[in-house]
Amino acid sequence: MKTTILTLTMALFTVITFAQEKNKKMTFDVNGKCGMCKERIEKAALNVKGVKYASWDIPTHQLSVIMDERKTDAMQIKTAIVGVGHDTKELKATEEAYNSVHPCCKYREDNSDDGAAH
């Protein structure tokens with residue numbers, strides 16, 4: 001009887017833990033300026049296997065994601081984002097990647113947001 005109860009408890013704990021990892025929500029800062037940046041950042045995040053949702057807010061520079069932790073992690077998403085030219089707090093895009101963004105999207109020189117201009 002004790003073995004059955006222990007087995008059921010462990011099975012329930014495993015299912016609960018497993019389900020919690022499936023859809024983790026998180027946000028982090030990503031530098032950018034406009035609607036073109038938004039499209040580029042979101043596309044890069046969504047191209048990471050395991051990312052189910054990505055939305056970057058222009059005024060706050062916050063990227064909100066829903067991801068499957070069994071398939072990816074925050075650092076993989078941030079690596080994809082810096083690969084298309086956008087800095088995060090932890091990682092900085094290479095000069096080559098940064099220079100590949102549209103000239104009006106150069107956030108390092110001009111820290112203003114002009115999302116309505118594009």
# chains A, B, ... in the order shown; residues from 1 in each chain; ligands from 1
$ select_by_dssp --residues "segment 3-105 of chain A" --states "strand (DSSP E or B)" --output "count of residues only"
21
$ residues_around --residues "Ser100 of chain A" --least-positions-apart "6" --cutoff "12 Å" --atoms "only C-alpha atoms" --output "VMD selection string"
chain A and resid 37 40 82 to 86 93 to 94 106
$ residues_around --residues "Lys22 of chain A" --least-positions-apart "6" --cutoff "10 Å" --atoms "only C-alpha atoms" --output "list in words"
Gly50, Ile66, Met67, Asp68, Glu69, Arg70 and Lys71 of chain A
$ atom_distance --atom1 "atom CA of Lys25 of chain A" --atom2 "atom CA of Tyr107 of chain A"
26.4 Å
$ closest_residue --among "A:Glu109, A:Asn23, A:Asp73, A:Gly35" --to "Tyr53 of chain A" --atoms "only C-alpha atoms"
A:Asn23
$ closest_residue --among "A:Thr60, A:Lys2, A:Lys78, A:Thr88" --to "Asn31 of chain A" --atoms "only C-alpha atoms"
A:Thr88
$ closest_residue --among "A:Met26, A:Lys33, A:Thr3, A:Glu39" --to "Arg108 of chain A" --atoms "only C-alpha atoms"
A:Lys33
$ atom_distance --atom1 "atom CA of Cys104 of chain A" --atom2 "atom CA of Lys38 of chain A"
13.0 Å
